[in-house]
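Below: my_file_17.txt (compact mmCIF, C-alpha atoms)
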```
# COMPACT_ATOMS: atom_id res chain seq x y z
CA MET A 1 -11.67 91.56 -41.22
CA ALA A 2 -13.32 89.15 -38.84
CA VAL A 3 -13.20 85.39 -38.91
CA PHE A 4 -16.37 84.29 -37.18
CA SER A 5 -15.95 80.57 -36.86
CA LEU A 6 -14.49 77.38 -38.25
CA ILE A 7 -16.17 74.05 -38.79
CA ILE A 8 -14.43 70.87 -39.88
CA ILE A 9 -16.51 68.09 -41.39
CA ASN A 10 -15.07 64.63 -41.94
CA LYS A 11 -15.50 62.70 -45.15
CA ALA A 12 -18.66 61.01 -43.88
CA GLY A 13 -20.40 64.30 -43.13
CA GLY A 14 -19.85 64.22 -39.39
CA LEU A 15 -18.88 67.29 -37.44
CA VAL A 16 -15.41 66.88 -35.99
CA TYR A 17 -14.56 70.43 -35.01
CA GLN A 18 -16.42 73.64 -34.33
CA ARG A 19 -14.97 76.79 -32.84
CA GLU A 20 -16.09 80.37 -32.65
CA PHE A 21 -13.43 83.05 -32.82
CA GLN A 22 -15.35 86.29 -32.94
CA PRO A 23 -18.98 87.03 -32.22
CA GLY A 24 -21.13 87.87 -35.20
CA LEU A 25 -23.08 84.74 -35.93
CA ARG A 26 -25.83 83.32 -33.81
CA LYS A 27 -24.86 80.55 -31.48
CA LEU A 28 -26.40 77.16 -32.15
CA SER A 29 -26.69 74.13 -29.96
CA THR A 30 -24.28 71.24 -30.49
CA ASN A 31 -27.09 69.26 -32.05
CA ASP A 32 -27.82 72.06 -34.51
CA TYR A 33 -24.17 72.17 -35.52
CA LEU A 34 -24.24 68.44 -36.16
CA VAL A 35 -27.34 68.88 -38.31
CA LEU A 36 -25.72 71.79 -40.11
CA ALA A 37 -22.62 69.75 -40.88
CA GLY A 38 -24.65 66.86 -42.23
CA THR A 39 -26.87 69.14 -44.29
CA PHE A 40 -23.93 70.96 -45.74
CA HIS A 41 -22.26 67.70 -46.63
CA GLY A 42 -25.33 66.68 -48.62
CA VAL A 43 -25.83 70.06 -50.25
CA HIS A 44 -22.18 70.15 -51.22
CA ALA A 45 -22.59 66.91 -53.14
CA ILE A 46 -25.78 68.14 -54.80
CA THR A 47 -24.23 71.42 -55.90
CA ARG A 48 -21.64 69.41 -57.78
CA SER A 49 -24.24 67.27 -59.49
CA ILE A 50 -26.30 70.23 -60.72
CA THR A 51 -23.36 71.69 -62.60
CA PRO A 52 -24.72 72.81 -65.97
CA LYS A 53 -23.85 70.39 -68.73
CA LEU A 54 -23.24 71.99 -72.05
CA PRO A 55 -24.06 69.73 -74.96
CA LEU A 56 -21.24 69.22 -77.39
CA VAL A 57 -22.26 70.05 -80.92
CA ALA A 58 -21.15 68.06 -83.95
CA THR A 59 -17.95 66.60 -82.57
CA THR A 60 -19.10 63.46 -80.79
CA THR A 61 -22.23 62.44 -82.66
CA ASN A 62 -20.37 61.45 -85.77
CA PRO A 63 -20.08 57.67 -85.36
CA PRO A 64 -23.81 56.76 -85.27
CA ILE A 65 -24.82 59.09 -88.09
CA ALA A 66 -21.78 58.64 -90.26
CA PRO A 67 -23.43 56.34 -92.82
CA THR A 68 -26.49 58.54 -93.35
CA THR A 69 -24.73 61.85 -93.71
CA ALA A 70 -22.09 61.30 -96.26
CA THR A 71 -21.66 65.00 -96.90
CA THR A 72 -20.62 65.97 -93.39
CA PRO A 73 -17.10 64.58 -93.44
CA THR A 74 -16.06 66.91 -96.24
CA PRO A 75 -16.01 70.11 -94.19
CA ASN A 76 -14.07 68.26 -91.52
CA VAL A 77 -11.47 67.12 -93.97
CA THR A 78 -10.74 70.67 -95.03
CA SER A 79 -9.60 71.57 -91.53
CA PRO A 80 -8.04 68.52 -89.97
CA SER A 81 -5.96 70.53 -87.54
CA SER A 82 -8.96 72.18 -85.93
CA THR A 83 -10.99 69.00 -85.58
CA SER A 84 -8.19 67.02 -84.08
CA THR A 85 -7.99 69.19 -80.97
CA PRO A 86 -11.49 68.78 -79.54
CA THR A 87 -11.76 65.03 -80.07
CA PRO A 88 -9.48 63.81 -77.26
CA SER A 89 -11.39 65.72 -74.61
CA SER A 90 -14.81 64.64 -75.86
CA SER A 91 -14.26 61.05 -76.86
CA SER A 92 -17.24 59.44 -75.18
CA SER A 93 -19.43 62.02 -73.43
CA THR A 94 -21.98 64.23 -75.18
CA TYR A 95 -21.57 67.15 -72.83
CA THR A 96 -18.90 69.30 -71.32
CA TYR A 97 -18.66 71.47 -68.24
CA PRO A 98 -18.38 75.25 -68.47
CA ASN A 99 -14.72 75.13 -67.42
CA PRO A 100 -13.56 71.91 -69.04
CA GLY A 101 -10.04 72.17 -67.68
CA ILE A 102 -11.10 72.07 -64.05
CA PRO A 103 -12.92 69.17 -62.40
CA ALA A 104 -16.39 69.99 -61.12
CA THR A 105 -16.40 70.74 -57.43
CA GLY A 106 -19.17 71.38 -54.98
CA LEU A 107 -19.95 74.66 -53.31
CA GLU A 108 -16.79 76.69 -52.72
CA CYS A 109 -18.04 80.04 -51.56
CA LEU A 110 -21.43 81.13 -50.30
CA GLU A 111 -22.48 84.69 -49.65
CA THR A 112 -25.29 86.05 -47.57
CA ASP A 113 -25.99 89.54 -46.27
CA LYS A 114 -24.29 88.86 -42.96
CA PHE A 115 -21.46 86.46 -43.66
CA ARG A 116 -19.45 84.60 -46.26
CA LEU A 117 -18.87 80.89 -46.05
CA THR A 118 -15.79 79.51 -47.74
CA CYS A 119 -15.50 75.77 -48.11
CA PHE A 120 -12.25 74.00 -48.76
CA GLN A 121 -12.31 70.30 -49.44
CA THR A 122 -9.08 68.39 -49.05
CA LEU A 123 -8.14 65.55 -51.36
CA THR A 124 -9.25 63.08 -48.72
CA GLY A 125 -12.71 64.58 -48.44
CA THR A 126 -12.40 66.54 -45.24
CA LYS A 127 -14.18 69.88 -45.50
CA PHE A 128 -13.11 73.09 -43.81
CA LEU A 129 -15.88 75.65 -43.48
CA LEU A 130 -14.76 79.15 -42.65
CA PHE A 131 -17.31 81.80 -41.75
CA THR A 132 -16.03 85.32 -42.28
CA GLU A 133 -17.32 88.81 -42.87
CA PRO A 134 -18.68 89.29 -46.39
CA THR A 135 -16.05 91.91 -47.13
CA MET A 136 -13.05 89.90 -46.03
CA VAL A 137 -10.29 89.36 -48.58
CA ASN A 138 -7.46 86.83 -48.77
CA ILE A 139 -9.49 84.01 -47.30
CA ASP A 140 -7.24 81.59 -49.19
CA VAL A 141 -4.33 82.55 -46.98
CA VAL A 142 -6.31 81.95 -43.81
CA MET A 143 -7.63 78.66 -45.14
CA LYS A 144 -4.18 77.47 -46.11
CA LYS A 145 -2.80 78.32 -42.70
CA ILE A 146 -5.67 76.53 -40.97
CA TYR A 147 -5.04 73.45 -43.08
CA GLU A 148 -1.38 73.65 -42.21
CA LEU A 149 -2.14 73.91 -38.51
CA TYR A 150 -4.56 71.01 -38.84
CA ALA A 151 -1.92 68.90 -40.51
CA ASP A 152 0.66 69.83 -37.88
CA PHE A 153 -1.34 69.61 -34.70
CA VAL A 154 -4.17 67.21 -35.46
CA MET A 155 -2.87 64.76 -38.03
CA LYS A 156 0.53 64.52 -36.42
CA ASN A 157 -0.98 64.00 -33.00
CA PRO A 158 -0.35 60.31 -32.24
CA PHE A 159 -3.43 60.12 -30.04
CA TYR A 160 -5.82 61.48 -32.62
CA GLN A 161 -8.17 58.89 -34.05
CA LEU A 162 -9.09 59.50 -37.66
CA GLU A 163 -12.62 60.74 -38.41
CA MET A 164 -13.23 61.38 -34.72
CA PRO A 165 -13.89 64.75 -33.07
CA VAL A 166 -10.78 66.89 -32.82
CA ARG A 167 -9.80 67.50 -29.22
CA CYS A 168 -6.28 68.83 -29.49
CA GLU A 169 -5.41 71.67 -27.16
CA SER A 170 -2.37 72.71 -29.15
CA PHE A 171 -4.46 73.01 -32.30
CA ASP A 172 -6.92 75.26 -30.48
CA ARG A 173 -4.16 77.34 -29.00
CA ASN A 174 -2.22 77.83 -32.20
CA LEU A 175 -5.31 78.54 -34.24
CA GLN A 176 -6.53 81.11 -31.77
CA GLY A 177 -3.10 82.65 -31.49
CA TRP A 178 -2.56 82.89 -35.21
CA LEU A 179 -5.95 84.39 -35.92
CA ARG A 180 -5.54 86.91 -33.12
CA GLY A 181 -2.13 87.90 -34.39
CA ARG A 182 -3.61 88.55 -37.81
CA THR A 183 -6.23 91.05 -36.77
CA MET B 1 -21.29 86.49 -69.07
CA VAL B 2 -23.44 83.46 -69.76
CA VAL B 3 -26.78 82.54 -68.23
CA TYR B 4 -27.31 78.78 -68.09
CA SER B 5 -30.73 78.47 -66.57
CA PHE B 6 -33.44 80.25 -64.65
CA TYR B 7 -36.07 78.88 -62.27
CA ILE B 8 -39.03 80.27 -60.35
CA PHE B 9 -40.41 78.38 -57.35
CA ASP B 10 -43.65 79.30 -55.67
CA ARG B 11 -44.39 79.18 -51.94
CA HIS B 12 -45.54 75.59 -52.21
CA ALA B 13 -42.04 74.58 -53.29
CA GLU B 14 -43.25 73.86 -56.78
CA CYS B 15 -41.24 74.85 -59.80
CA ILE B 16 -43.60 77.12 -61.74
CA TYR B 17 -41.16 78.18 -64.40
CA LYS B 18 -37.90 76.88 -65.73
CA ARG B 19 -35.85 77.92 -68.64
CA ARG B 20 -32.52 76.74 -69.91
CA TRP B 21 -30.30 78.49 -72.35
CA LEU B 22 -27.97 76.35 -74.34
CA PRO B 23 -24.98 78.51 -75.05
CA ARG B 24 -24.22 79.06 -78.66
CA PRO B 25 -21.23 77.18 -79.96
CA ALA B 26 -18.38 79.49 -80.65
CA SER B 27 -18.70 79.12 -84.39
CA MET B 28 -22.34 80.23 -84.48
CA VAL B 29 -21.96 83.94 -83.91
CA GLY B 30 -24.38 85.14 -86.56
CA SER B 31 -27.22 82.84 -85.62
CA LYS B 32 -29.15 82.80 -88.86
CA SER B 33 -26.38 82.86 -91.41
CA SER B 34 -24.57 79.97 -89.79
CA ARG B 35 -27.59 77.74 -89.57
CA PRO B 36 -26.63 75.60 -92.57
CA THR B 37 -23.32 74.73 -90.95
CA SER B 38 -25.02 73.48 -87.80
CA GLU B 39 -27.30 71.24 -89.82
CA ALA B 40 -24.78 68.47 -89.57
CA SER B 41 -25.37 68.28 -85.88
CA ALA B 42 -29.14 68.30 -86.14
CA PRO B 43 -29.57 64.52 -85.98
CA GLY B 44 -27.52 64.44 -82.81
CA LEU B 45 -29.21 67.38 -81.18
CA PRO B 46 -32.59 65.80 -80.32
CA ALA B 47 -30.77 63.10 -78.40
CA THR B 48 -29.01 65.60 -76.17
CA LEU B 49 -32.15 67.69 -75.82
CA GLY B 50 -34.18 64.64 -74.94
CA GLN B 51 -31.68 63.70 -72.33
CA SER B 52 -31.74 67.13 -70.79
CA ALA B 53 -35.54 67.28 -70.89
CA ARG B 54 -35.64 64.11 -68.85
CA THR B 55 -33.43 65.57 -66.19
CA THR B 56 -34.69 69.17 -66.00
CA ASP B 57 -37.49 68.16 -63.64
CA ASP B 58 -35.02 66.45 -61.39
CA ASP B 59 -32.64 69.36 -61.72
CA ALA B 60 -35.35 71.76 -60.61
CA LYS B 61 -36.04 69.62 -57.55
CA LEU B 62 -32.37 69.39 -56.69
CA ILE B 63 -31.93 73.12 -57.08
CA PHE B 64 -34.91 73.82 -54.90
CA GLY B 65 -33.58 71.49 -52.22
CA THR B 66 -30.21 73.17 -52.38
CA VAL B 67 -31.40 76.74 -52.11
CA PHE B 68 -33.93 75.78 -49.45
CA SER B 69 -31.27 74.17 -47.28
CA LEU B 70 -28.79 76.97 -47.80
CA ARG B 71 -31.40 79.62 -47.10
CA ASN B 72 -32.33 77.92 -43.84
CA MET B 73 -28.68 77.60 -42.94
CA ALA B 74 -28.10 81.31 -43.58
CA ARG B 75 -31.14 82.19 -41.49
CA LYS B 76 -30.03 79.97 -38.67
CA LEU B 77 -26.55 81.45 -38.50
CA GLY B 78 -27.10 85.03 -39.53
CA GLY B 79 -30.47 85.69 -37.97
CA GLU B 80 -33.99 85.83 -39.36
CA ASP B 81 -33.30 88.85 -41.54
CA ASP B 82 -30.28 87.32 -43.24
CA ASN B 83 -30.57 86.42 -46.89
CA PHE B 84 -28.67 83.88 -48.91
CA VAL B 85 -27.51 85.72 -52.02
CA THR B 86 -25.24 83.56 -54.10
CA TYR B 87 -22.86 80.66 -54.08
CA ARG B 88 -20.24 79.51 -56.52
CA THR B 89 -18.44 76.31 -57.34
CA SER B 90 -15.49 75.85 -59.67
CA GLN B 91 -17.90 75.66 -62.60
CA TYR B 92 -20.87 77.93 -62.08
CA LYS B 93 -22.56 80.50 -59.88
CA LEU B 94 -26.05 80.30 -58.48
CA HIS B 95 -27.94 83.49 -57.66
CA TYR B 96 -30.93 83.58 -55.43
CA TYR B 97 -33.63 86.10 -54.71
CA GLU B 98 -36.70 85.58 -52.61
CA THR B 99 -39.66 87.92 -52.54
CA PRO B 100 -41.55 88.70 -49.32
CA THR B 101 -44.27 86.38 -50.62
CA ASN B 102 -41.78 83.48 -50.74
CA ILE B 103 -41.48 83.28 -54.48
CA LYS B 104 -37.95 82.17 -55.20
CA PHE B 105 -35.99 83.23 -58.24
CA VAL B 106 -32.90 81.22 -59.05
CA MET B 107 -30.41 81.81 -61.84
CA LEU B 108 -27.36 79.82 -62.81
CA THR B 109 -24.62 81.73 -64.57
CA ASP B 110 -20.95 81.38 -65.32
CA LEU B 111 -18.28 82.44 -62.87
CA LYS B 112 -17.54 85.79 -64.50
CA SER B 113 -20.94 87.26 -63.80
CA PRO B 114 -21.27 89.93 -61.12
CA SER B 115 -23.95 89.84 -58.45
CA MET B 116 -27.31 89.23 -60.07
CA ARG B 117 -29.45 90.21 -57.12
CA VAL B 118 -30.59 93.41 -58.82
CA ALA B 119 -31.23 91.60 -62.08
CA LEU B 120 -33.40 88.99 -60.37
CA GLN B 121 -35.22 91.75 -58.54
CA GLN B 122 -35.84 93.46 -61.87
CA ILE B 123 -37.15 90.27 -63.37
CA TYR B 124 -39.56 90.07 -60.48
CA ILE B 125 -40.66 93.69 -60.57
CA ASN B 126 -40.65 94.44 -64.28
CA LEU B 127 -41.54 91.06 -65.75
CA TYR B 128 -43.17 88.78 -63.22
CA VAL B 129 -45.39 91.39 -61.58
CA GLU B 130 -46.22 93.08 -64.86
CA TYR B 131 -46.99 90.06 -66.99
CA VAL B 132 -47.99 87.35 -64.54
CA VAL B 133 -49.42 88.99 -61.44
CA LYS B 134 -51.22 91.78 -63.30
CA ASN B 135 -52.58 89.42 -65.91
CA PRO B 136 -56.33 89.18 -65.25
CA LEU B 137 -56.48 85.76 -66.85
CA SER B 138 -53.72 84.31 -64.72
CA PRO B 139 -54.72 82.38 -61.60
CA ALA B 140 -53.49 83.42 -58.17
CA GLU B 141 -51.49 80.22 -57.82
CA HIS B 142 -49.61 78.69 -60.68
CA PRO B 143 -49.72 74.91 -60.37
CA GLY B 144 -47.68 73.38 -63.15
CA GLY B 145 -46.68 76.79 -64.42
CA ILE B 146 -50.15 77.89 -65.55
CA GLY B 147 -50.18 81.63 -65.99
CA VAL B 148 -46.41 82.00 -65.88
CA ASN B 149 -45.83 80.40 -69.23
CA ASN B 150 -47.54 83.20 -71.13
CA GLU B 151 -46.04 84.66 -74.24
CA LEU B 152 -45.35 88.15 -72.96
CA PHE B 153 -43.46 86.94 -69.92
CA GLU B 154 -41.37 84.43 -71.82
CA GLU B 155 -40.63 86.86 -74.60
CA SER B 156 -39.58 89.66 -72.29
CA LEU B 157 -37.51 87.31 -70.14
CA GLU B 158 -35.74 86.12 -73.24
CA GLN B 159 -35.04 89.71 -74.24
CA PHE B 160 -33.90 90.65 -70.76
CA VAL B 161 -31.45 87.79 -70.57
CA THR B 162 -30.08 88.10 -74.08
CA ARG B 163 -29.88 91.90 -74.30
CA VAL B 164 -29.47 93.25 -70.80
CA LEU B 165 -27.41 90.55 -69.22
CA SER B 166 -25.05 89.55 -71.95
```
Could you quickly redo this structure as structure tokens?
Amino acid sequence: MAVFSLIIINKAGGLVYQREFQPGLRKLSTNDYLVLAGTFHGVHAITRSITPKLPLVATTTNPPIAPTTATTPTPNVTSPSSTSTPTPSSSSSTYTYPNPGIPATGLECLETDKFRLTCFQTLTGTKFLLFTEPTMVNIDVVMKKIYELYADFVMKNPFYQLEMPVRCESFDRNLQGWLRGRT
Amino acid sequence: MVVYSFYIFDRHAECIYKRRWLPRPASMVGSKSSRPTSEASAPGLPATLGQSARTTDDDAKLIFGTVFSLRNMARKLGGEDDNFVTYRTSQYKLHYYETPTNIKFVMLTDLKSPSMRVALQQIYINLYVEYVVKNPLSPAEHPGGIGVNNELFEESLEQFVTRVLS
């Protein structure tokens, strides 16, 4: 149940916070962490764009081919209740995502042999990257608490400049204390 | 579980094989008997297929870039012997397996699928090695997918994905 480290990336892909809590991952230079943050920011956007698009069959292509296929409307008429439900969701696009109810996000969880990386993106685009052991459970709870501490000690700090590196002692202290109390 | 697509990249970062599976619409369970009902959508289908064919090349490049970056990131943080296995988003899961000869196998599935590392390994051992590497007519390198796109490999991959994995 080890939390290795935490990285916070601002909405422009810049590294604003990096802290190691327990040994387990290799140490990188500050420059490498900056590169890592930027790379992850880009990869995160790409992983959202390569979401598989499932083509919608028969529901949306009706308007252009309506005059040529006069026979197709008849099966639709027999079941008006069933056809009425898919049309609002697929009014203009010809594809749908695998989970249509949820908006497509970028990478949320990455697993390797040695660690698991959980990424949480806030509504404003800040990304929290948490490196834990691959077997760790309840990462959501840890992530939520970290976000809470961030909101309390970084965002409410009157001297903190937005999008700039986080240098708040109380944030460090509380984070460290909370994580230590957990293990 | 559903498999969306499958890619093989060689050590020159070239996509030597790609395959996409369009999931069956829910109504088409018996594939042959329901074919007449799907006829209505036939005029619309080439348009969507054409659109996807235009972007599969780009998709393959994007996927290679993604797994390459993530693999390097995993190696940097976890050590040289660390391997990137899988990642997931809210919509799909990507599974990754790399052979010692740097051939990369990538598979995109839905979120419900378990770890596909063994499956990808099996595809490598039982299908790729058997039908591509051991094929005397296949070249050592596969620029543009030559040698990988043979009938036996494609057929057995199709069977593996449709029978074993689903």
Which residues are close to stretch 135-150 of chain A, i.e. within 9 Å by all atoms listed in the file, leaving aside same-chain residues fewer than 6 positions away? Reply as a list in words. Met1, Ala2, Val3, Phe115, Arg116, Thr118, Cys119, Phe120, Thr122, Phe128, Leu129, Lys156, Phe171, Asn174, Leu175, Trp178 and Leu179 of chain A
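Ranking B:Phe68, B:Phe6, B:Phe160, B:Tyr92 by their shortest atom-to-atom distance to chain A, with only C-alpha atoms included, puts B:Tyr92 first.
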Taking all atoms listed in the file into account, which of B:Ile16, B:Leu62, B:Met1, B:Leu120 comes nearest chain A? B:Leu62
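The residue that comes closest to B:Ala119, out of B:Tyr96, B:Tyr7, B:Phe84, B:Phe64 and on the basis of only C-alpha atoms, is B:Tyr96.
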Counting only C-alpha atoms, find the residues whose atoms lie at most 10 Å from (-17.5, 79.8, -54.1) (file coordinates) and write them out as a PyMOL selection string. (chain A and resi 105-111+116-120) or (chain B and resi 86-94+111)
Just C-alpha atoms for this one: save the residues we selected as a PDB file, keeping the file's coordinate frame.
```
ATOM      1  CA  THR A 105     -16.400  70.740 -57.430  1.00  0.00           C
ATOM      2  CA  GLY A 106     -19.170  71.380 -54.980  1.00  0.00           C
ATOM      3  CA  LEU A 107     -19.950  74.660 -53.310  1.00  0.00           C
ATOM      4  CA  GLU A 108     -16.790  76.690 -52.720  1.00  0.00           C
ATOM      5  CA  CYS A 109     -18.040  80.040 -51.560  1.00  0.00           C
ATOM      6  CA  LEU A 110     -21.430  81.130 -50.300  1.00  0.00           C
ATOM      7  CA  GLU A 111     -22.480  84.690 -49.650  1.00  0.00           C
ATOM      8  CA  ARG A 116     -19.450  84.600 -46.260  1.00  0.00           C
ATOM      9  CA  LEU A 117     -18.870  80.890 -46.050  1.00  0.00           C
ATOM     10  CA  THR A 118     -15.790  79.510 -47.740  1.00  0.00           C
ATOM     11  CA  CYS A 119     -15.500  75.770 -48.110  1.00  0.00           C
ATOM     12  CA  PHE A 120     -12.250  74.000 -48.760  1.00  0.00           C
TER      13      PHE A 120
ATOM     14  CA  THR B  86     -25.240  83.560 -54.100  1.00  0.00           C
ATOM     15  CA  TYR B  87     -22.860  80.660 -54.080  1.00  0.00           C
ATOM     16  CA  ARG B  88     -20.240  79.510 -56.520  1.00  0.00           C
ATOM     17  CA  THR B  89     -18.440  76.310 -57.340  1.00  0.00           C
ATOM     18  CA  SER B  90     -15.490  75.850 -59.670  1.00  0.00           C
ATOM     19  CA  GLN B  91     -17.900  75.660 -62.600  1.00  0.00           C
ATOM     20  CA  TYR B  92     -20.870  77.930 -62.080  1.00  0.00           C
ATOM     21  CA  LYS B  93     -22.560  80.500 -59.880  1.00  0.00           C
ATOM     22  CA  LEU B  94     -26.050  80.300 -58.480  1.00  0.00           C
ATOM     23  CA  LEU B 111     -18.280  82.440 -62.870  1.00  0.00           C
TER      24      LEU B 111
END
```
Distance in Å - atom CA of B:Pro100 versus atom CA of B:Gly147: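 We find that atom CA of B:Pro100 and atom CA of B:Gly147 lie 20.1 Å from each other.
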Just the residues within 10 Å of A:Ser49, please, counting only C-alpha atoms, with nothing from its chain fewer than 4 positions along; format it as a ChimeraX atom specification. /A:43-45,53,104-106 /B:59,62-63
Point-to-point distance from atom CA of A:Ser5 to atom CA of A:Phe131, Å rounded to tenths: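 Between atom CA of A:Ser5 and atom CA of A:Phe131 the gap is 5.2 Å.
Using all atoms listed in the file, the smallest distance between any of B:Ala13, B:Asp110, B:Arg71, B:Ile123 and B:Leu157 comes from B:Ile123.
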For chain A, which residue out of B:Asp81, B:Glu151, B:Glu158, B:Glu141 is the nearest one, using only C-alpha atoms?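 Closest to chain A, using only C-alpha atoms: B:Asp81.
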Just to confirm, what's the straight-line distance from atom CA of A:Thr39 to atom CA of B:Leu77 in Å (one decimal)?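 Going from atom CA of A:Thr39 over to atom CA of B:Leu77, I get 13.6 Å.
Between A:Thr51 and the candidates B:Tyr128, B:Ala60, B:Leu108, B:Ile103, the tightest atom-to-atom separation, counting all atoms listed in the file, involves B:Leu108.
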Determine, counting all atoms listed in the file, which protein, DNA and RNA residues have an atom within 10 Å of an atom of B:Asn83; residues of the same chain fewer than 6 positions away are not included. Present the result as a VMD selection string. (chain A and resid 111 to 115) or (chain B and resid 70 to 75 96 to 98)
Could you pull the residues within 9 Å of stretch 7-20 of chain A, counting only C-alpha atoms, minus those fewer than 3 positions along the same chain, as a VMD selection string? chain A and resid 3 to 4 23 25 27 33 to 42 124 to 131 162 to 167 172
Give, as lines of an AutoDock Vina configuration file, the centre coordinates and the x, y and z edge lengths in Å to one decimal for an axis-aligned box around all listed atoms of stretch 32-39 of chain A, padded by 5 Å on each side.
```
center_x = -25.2
center_y = 69.5
center_z = -39.4
size_x = 15.2
size_y = 15.3
size_z = 19.8
```
When you look at B:Ile146 with a cut-off of 10 Å (counting only C-alpha atoms), what residues show up, excluding the ones that are within fewer than 6 positions of it in the same chain? I need them as a list in words.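 The filter keeps Ile16, Tyr17, Val132, Ser138, Pro139 and Ala140 of chain B.
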Here's a test: counting all atoms listed in the file, identify every protein, DNA and RNA residue with an atom at most 9 Å from (-25.8, 73.0, -71.4) in the file's coordinate frame, and state them as number ranges by chain. A: 52-56, 95-98; B: 4-5, 20-23, 52
